[in-house]
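Shown here: coords.cif, mmCIF, C-alpha atoms.
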data_input
#
loop_
_atom_site.label_atom_id
_atom_site.label_comp_id
_atom_site.auth_asym_id
_atom_site.auth_seq_id
_atom_site.Cartn_x
_atom_site.Cartn_y
_atom_site.Cartn_z
CA MET X 66 29.09 79.52 127.61
CA VAL X 67 30.83 80.57 124.40
CA TYR X 68 33.71 78.39 123.27
CA ARG X 69 36.30 80.38 121.36
CA HIS X 70 38.83 77.58 121.46
CA PHE X 71 37.67 74.00 121.52
CA THR X 72 39.78 70.94 120.73
CA VAL X 73 38.76 67.33 120.80
CA SER X 74 41.08 64.43 120.09
CA VAL X 75 40.35 60.72 119.81
CA THR X 76 42.43 57.72 118.86
CA ILE X 77 40.67 54.89 117.05
CA GLY X 78 41.68 51.62 115.45
CA SER X 79 41.78 51.23 111.67
CA ASP X 80 38.24 50.01 111.45
CA THR X 81 35.21 51.29 109.58
CA ARG X 82 33.08 50.56 112.67
CA TYR X 83 34.24 53.92 114.03
CA LEU X 84 32.87 55.96 111.13
CA SER X 85 29.44 56.60 112.59
CA PHE X 86 31.04 57.47 115.94
CA LEU X 87 33.20 60.08 114.16
CA ARG X 88 30.18 61.60 112.43
CA ASP X 89 28.43 61.77 115.81
CA LEU X 90 31.54 63.39 117.30
CA VAL X 91 31.38 66.21 114.75
CA LYS X 92 27.66 66.64 115.37
CA SER X 93 28.02 66.59 119.17
CA SER X 94 30.93 69.04 119.12
CA ALA X 95 28.93 71.42 116.93
CA ARG X 96 25.99 71.17 119.33
CA LEU X 97 28.22 71.70 122.36
CA VAL X 98 29.98 74.83 121.13
CA GLY X 99 26.91 76.32 119.46
CA ARG X 100 26.16 77.47 115.97
CA LYS X 101 28.16 80.67 116.23
CA ALA X 102 31.36 78.76 116.90
CA PHE X 103 30.52 75.88 114.55
CA PRO X 104 28.15 77.10 111.82
CA ARG X 105 25.72 74.54 110.44
CA ALA X 106 27.15 75.05 106.93
CA LEU X 107 30.47 73.56 108.08
CA GLU X 108 29.06 70.41 109.61
CA ARG X 109 28.37 68.41 106.43
CA PRO X 110 31.60 69.25 104.57
CA LEU X 111 33.84 68.64 107.59
CA SER X 112 32.03 65.47 108.57
CA LEU X 113 32.33 63.96 105.09
CA ALA X 114 35.93 65.18 104.67
CA LEU X 115 36.80 63.50 107.98
CA ILE X 116 35.21 60.21 106.90
CA GLU X 117 37.06 60.30 103.57
CA ALA X 118 40.37 60.99 105.30
CA VAL X 119 39.81 58.15 107.79
CA ASN X 120 38.85 55.81 104.91
CA ASN X 121 42.17 56.74 103.27
CA ALA X 122 44.03 55.99 106.48
CA ILE X 123 42.29 52.61 106.94
CA PHE X 124 42.55 51.34 103.38
CA HIS X 125 45.61 53.06 101.90
CA ALA X 126 47.90 53.99 104.80
CA HIS X 127 47.24 50.94 107.00
CA HIS X 128 45.97 48.52 104.34
CA GLY X 129 43.24 47.26 106.66
CA ARG X 130 45.56 46.48 109.61
CA ARG X 131 43.02 47.12 112.34
CA SER X 132 45.51 47.49 115.19
CA GLU X 133 47.14 50.56 113.58
CA PRO X 134 45.97 53.66 115.45
CA ILE X 135 44.44 56.66 113.75
CA GLN X 136 44.38 59.91 115.66
CA VAL X 137 41.61 62.36 114.88
CA MET X 138 41.73 65.92 116.17
CA MET X 139 39.13 68.60 115.66
CA LYS X 140 39.98 72.21 116.44
CA ILE X 141 37.40 74.95 116.61
CA ARG X 142 38.81 78.47 116.61
CA PRO X 143 37.20 81.90 116.24
CA LYS X 144 37.80 82.05 112.47
CA TRP X 145 38.08 78.45 111.37
CA VAL X 146 37.37 74.81 112.10
CA ALA X 147 39.96 72.15 111.26
CA VAL X 148 40.12 68.39 111.35
CA GLU X 149 43.39 66.47 111.42
CA VAL X 150 43.76 62.77 110.70
CA GLU X 151 47.08 61.20 111.67
CA ASP X 152 48.14 57.77 110.43
CA SER X 153 51.33 55.79 109.99
CA GLY X 154 51.28 55.88 106.20
CA ARG X 155 53.81 57.55 103.92
CA GLY X 156 51.54 60.47 103.15
CA LEU X 157 50.34 62.00 99.93
CA SER X 158 52.37 63.47 97.13
CA ARG X 159 51.57 66.98 95.96
CA LYS X 160 50.44 65.50 92.65
CA LYS X 161 48.01 63.18 94.38
CA LEU X 162 46.77 65.95 96.64
CA LYS X 163 46.01 68.21 93.68
CA GLY X 164 45.04 65.48 91.21
CA ARG X 165 42.15 65.82 88.81
CA ALA X 166 38.65 64.52 89.33
CA PRO X 167 38.29 60.84 88.45
CA HIS X 168 36.36 59.85 85.36
CA GLU X 169 32.63 59.64 86.05
CA LEU X 170 32.58 55.85 85.57
CA GLU X 171 35.61 55.24 87.78
CA THR X 172 34.64 53.35 90.93
CA HIS X 173 37.61 54.43 93.05
CA GLY X 174 39.69 57.53 93.73
CA ARG X 175 36.98 60.00 94.69
CA GLY X 176 37.94 60.42 98.35
CA LEU X 177 40.66 63.04 97.97
CA PHE X 178 38.75 64.80 95.22
CA LEU X 179 35.76 65.10 97.54
CA ILE X 180 37.93 66.41 100.39
CA ARG X 181 39.36 69.10 98.12
CA GLN X 182 35.91 70.16 97.02
CA LEU X 183 34.47 70.24 100.54
CA VAL X 184 37.05 72.18 102.51
CA ASP X 185 39.05 75.39 101.97
CA SER X 186 42.50 73.99 102.55
CA VAL X 187 44.12 70.54 102.64
CA GLN X 188 47.65 69.95 103.86
CA SER X 189 49.61 66.72 104.01
CA ARG X 190 52.70 66.72 106.20
CA ARG X 191 54.95 64.51 108.33
CA ARG X 192 54.96 64.76 112.11
CA GLU X 193 57.29 62.51 114.11
CA ASN X 194 57.26 59.66 111.59
CA ARG X 195 53.52 59.92 111.20
CA HIS X 196 51.46 61.42 108.40
CA VAL X 197 48.96 64.17 109.13
CA LEU X 198 46.21 65.30 106.78
CA LYS X 199 44.84 68.65 107.89
CA MET X 200 41.56 69.89 106.45
CA MET X 201 40.34 73.35 107.28
CA CYS X 202 37.24 75.46 106.65
CA TRP X 203 37.15 79.21 107.16
CA LYS X 204 33.89 80.25 108.74
CA LYS X 205 33.51 83.37 106.60
CA THR X 206 33.58 81.37 103.34
CA HIS X 207 30.82 79.00 104.44
CA VAL X 208 28.39 81.31 106.18
CA MET B 238 22.35 50.50 106.95
CA ASN B 239 19.15 48.73 106.12
CA ILE B 240 18.07 47.66 102.66
CA LYS B 241 14.69 46.47 101.45
CA VAL B 242 14.04 45.21 97.94
CA GLU B 243 10.64 45.45 96.29
CA SER B 244 9.64 44.46 92.79
CA LEU B 245 7.36 46.68 90.78
CA GLY B 246 6.80 44.81 87.53
CA ASP B 247 10.23 44.21 86.06
CA VAL B 248 11.80 47.00 88.11
CA SER B 249 13.58 46.21 91.38
CA VAL B 250 13.44 49.00 93.92
CA VAL B 251 16.35 48.93 96.37
CA LYS B 252 15.30 51.04 99.33
CA CYS B 253 18.38 52.15 101.28
CA GLY B 254 18.18 53.56 104.78
CA GLY B 255 20.88 54.93 107.08
CA ASN B 256 24.46 55.28 105.92
CA LEU B 257 25.98 53.95 102.72
CA ASP B 258 29.63 54.19 103.68
CA ALA B 259 32.79 52.11 103.92
CA ASP B 260 31.30 50.26 106.88
CA SER B 261 28.10 49.20 105.15
CA VAL B 262 29.01 49.13 101.47
CA ALA B 263 29.55 45.35 101.48
CA VAL B 264 25.86 44.81 102.33
CA PHE B 265 24.77 47.02 99.43
CA LYS B 266 27.17 45.24 97.05
CA LYS B 267 25.98 41.79 98.15
CA ILE B 268 22.27 42.53 97.79
CA THR B 269 22.55 44.34 94.46
CA SER B 270 24.93 41.72 93.10
CA GLU B 271 22.39 39.01 93.93
CA LEU B 272 19.68 40.98 92.16
CA VAL B 273 21.76 41.32 89.00
CA ASN B 274 22.76 37.65 89.13
CA GLN B 275 19.05 36.80 89.28
CA GLY B 276 18.50 38.80 86.08
CA SER B 277 17.35 42.19 87.38
CA VAL B 278 18.68 44.89 85.09
CA ARG B 279 16.16 47.63 85.78
CA LEU B 280 16.93 49.00 89.20
CA VAL B 281 15.88 51.97 91.26
CA VAL B 282 17.97 52.94 94.29
CA ASP B 283 15.44 54.67 96.52
CA CYS B 284 17.40 57.03 98.77
CA SER B 285 14.43 58.50 100.64
CA LEU B 286 15.76 57.09 103.94
CA LEU B 287 19.46 57.43 103.13
CA LYS B 288 21.15 59.87 105.48
CA PHE B 289 24.78 59.72 104.42
CA ILE B 290 26.92 58.51 101.54
CA ASP B 291 30.71 58.56 101.12
CA SER B 292 32.98 57.90 98.16
CA MET B 293 32.89 54.15 98.74
CA GLY B 294 29.10 54.19 98.61
CA LEU B 295 29.26 56.21 95.40
CA GLY B 296 31.79 53.73 94.00
CA ALA B 297 29.43 50.82 94.73
CA MET B 298 26.59 52.60 92.94
CA ILE B 299 28.78 53.29 89.90
CA SER B 300 29.95 49.68 89.88
CA LEU B 301 26.31 48.55 89.90
CA LEU B 302 25.49 50.97 87.09
CA ARG B 303 28.35 49.71 84.93
CA ARG B 304 27.35 46.11 85.49
CA VAL B 305 23.70 46.69 84.70
CA ARG B 306 24.32 48.92 81.67
CA SER B 307 26.58 46.25 80.18
CA ARG B 308 23.44 44.09 80.19
CA ASP B 309 21.32 46.78 78.52
CA GLY B 310 19.72 47.78 81.79
CA ASP B 311 19.91 50.90 83.91
CA VAL B 312 20.02 52.16 87.49
CA LYS B 313 18.05 55.22 88.49
CA VAL B 314 18.23 56.96 91.83
CA SER B 315 15.36 58.63 93.61
CA ALA B 316 14.51 60.88 96.54
CA LEU B 317 17.97 62.20 97.38
CA ASN B 318 18.06 64.37 100.49
CA ALA B 319 19.83 67.72 100.27
CA ASP B 320 23.16 66.41 101.61
CA VAL B 321 23.28 63.36 99.34
CA LYS B 322 22.16 65.46 96.38
CA ALA B 323 25.02 67.88 97.04
CA ILE B 324 27.52 64.99 97.00
CA PHE B 325 26.07 63.75 93.71
CA GLU B 326 26.49 67.22 92.25
CA ILE B 327 30.04 67.74 93.53
CA THR B 328 31.09 64.42 92.01
CA ARG B 329 28.94 65.05 88.90
CA LEU B 330 27.13 61.75 89.35
CA HIS B 331 23.84 63.52 88.74
CA ARG B 332 24.94 63.49 85.08
CA LEU B 333 25.67 59.77 85.16
CA PHE B 334 22.51 58.61 86.91
CA GLU B 335 18.99 59.69 86.15
CA VAL B 336 17.84 61.28 89.40
CA CYS B 337 14.09 61.11 90.00
CA THR B 338 11.97 62.80 92.63
CA ASP B 339 10.64 59.51 94.06
CA ALA B 340 10.74 55.77 93.45
CA LYS B 341 7.38 55.81 91.68
CA ALA B 342 8.61 58.38 89.15
CA ALA B 343 11.82 56.40 88.69
CA CYS B 344 9.87 53.20 87.94
CA LYS B 345 7.64 55.09 85.55
CA SER B 346 10.64 56.53 83.69
CA PHE B 347 11.72 53.00 82.71
CA LYS B 348 8.52 52.65 80.76
CA GLY B 349 8.78 55.99 78.99
#

Render the structure in this file as structure tokens.
Amino acid sequence: MVYRHFTVSVTIGSDTRYLSFLRDLVKSSARLVGRKAFPRALERPLSLALIEAVNNAIFHAHHGRRSEPIQVMMKIRPKWVAVEVEDSGRGLSRKKLKGRAPHELETHGRGLFLIRQLVDSVQSRRRENRHVLKMMCWKKTHV
Amino acid sequence: MNIKVESLGDVSVVKCGGNLDADSVAVFKKITSELVNQGSVRLVVDCSLLKFIDSMGLGAMISLLRRVRSRDGDVKVSALNADVKAIFEITRLHRLFEVCTDAKAACKSFKG
């Protein structure tokens, strides 16, 4: 079976215990839909971008409040694969979203930089009082 | 993640396996901090069994490097897999750390 449209959505608590589950979710989804729908070259960047976005939600949007829900949605479409992370934080300013790489010796602030380097497009927007970070990879640019 | 520490002369080899991410970074910080407190300033982080690293794992490695270099020591990394190597290159950490092919070569480079 060929999946042209595949969407998976999960809601997790703000807890780093879910990180390996999320990596497995990306891997399992890729395996399920097949390499044509989810090219191998997209798996690593999207998996790491997802982890960085969830880390941001846990530590910066929810400040470690474990009961705060984080919704993760992965969409696989004929031309692209996208991952959305929804939290209850205020969101990211344009400046922050496009900020420069941190100094090499800086111990923090690499998450967003990594996301920008890994995926083709990053959007931060509000949706019903929630913040959504959408990260997207075009298949043609990674294959 | 699992971490094993071996001493080869005055070099401590920290062998990391699994994932060095936000969920496991505290273990890495605790073990390496204890090593530095005990006087180890020549460290090799052997990544031959490391599958995944995120920005928090990178941050912990940089923090260790800063601490050890302030004591005239150094941290070298070895045996990065292709994915981890790519992350090091994207974040330009391959210019900050000496990256060696394996732990043995990393230990040897301290003597050179």

Tell me which protein, DNA and RNA residues are within 10 Å of X:Ala147, counting all atoms listed in the file, leaving out same-chain ones fewer than 6 positions away, and put them as a CSV table (one decimal) with C-alpha atoms, in the coordinates of the input.
chain,number,residue,atom,x,y,z
X,72,THR,CA,39.8,70.9,120.7
X,111,LEU,CA,33.8,68.6,107.6
X,115,LEU,CA,36.8,63.5,108.0
X,138,MET,CA,41.7,65.9,116.2
X,139,MET,CA,39.1,68.6,115.7
X,140,LYS,CA,40.0,72.2,116.4
X,141,ILE,CA,37.4,75.0,116.6
X,184,VAL,CA,37.0,72.2,102.5
X,185,ASP,CA,39.0,75.4,102.0
X,186,SER,CA,42.5,74.0,102.6
X,187,VAL,CA,44.1,70.5,102.6
X,199,LYS,CA,44.8,68.6,107.9
X,200,MET,CA,41.6,69.9,106.4
X,201,MET,CA,40.3,73.4,107.3
X,202,CYS,CA,37.2,75.5,106.6
X,203,TRP,CA,37.2,79.2,107.2

Taking the file as shown, find all residues satisfying the PyMOL selection byres ((chain X) within 6 of (chain B)) and write them as a ChimeraX atom specification. /X:81,172-173,175-176

What does the PyMOL selection byres ((chain X and resi 193) around 12) select in this file, as a PyMOL selection string? chain X and resi 151-155+190-192+194-197

Please measure the separation of atom CA of B:Ile268 and atom CA of X:His128, giving the value in Å to one decimal. 25.3 Å

Select all residues near (43.3, 57.2, 115.0) (cut-off 6 Å, inclusive, file coordinates), counting only C-alpha atoms, and output them as number ranges by chain. X: 76-78, 134-137

Run the PyMOL selection byres ((chain X and resi 162) around 10) on the file and write out the hits as a list in words.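 Here the PyMOL selection byres ((chain X and resi 162) around 10) matches Gly156, Leu157, Ser158, Arg159, Lys160, Lys161, Lys163, Gly164, Arg165, Leu177, Phe178, Ile180, Arg181, Val187, Gln188 and Ser189 of chain X.
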
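Take atom CA of X:Ser112 and atom CA of X:Arg88: the distance between them is 5.8 Å.
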
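The protein and nucleic acid residues lying at most 12 Å from B:Asn274 are Lys266, Lys267, Ile268, Leu301, Arg304, Val305 and Arg308 of chain B, with all atoms listed in the file considered and sequence neighbours fewer than 6 positions away removed.
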
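The space between atom CA of X:Arg130 and atom CA of B:Asn239 spans 26.7 Å.
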
List as number ranges by chain the protein and nucleic acid residues near B:Gly246, meaning an atom at most 12 Å away when only C-alpha atoms are counted, but skip any in the same chain fewer than 6 places from it. B: 277, 279-280, 341, 344-345, 347-348

Considering only C-alpha atoms, return as a PyMOL selection string whatever protein or nucleic-acid residues lie within 7 Å of X:Val98, sequence-local ones (same chain, fewer than 3 positions apart) excluded. chain X and resi 67-68+94-95+102-103

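Shortest separation to X:Phe86 among X:His168, X:Leu183, X:Val119, X:Lys204 occurs at residue X:Val119, atoms counted being only C-alpha atoms.
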
Nearest to B:Val281 by atom-to-atom distance, counting only C-alpha atoms, from B:Asp339, B:Lys241, B:Val314, B:Asp247: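 Comparing B:Asp339, B:Lys241, B:Val314, B:Asp247 against B:Val281, the winner is B:Val314.
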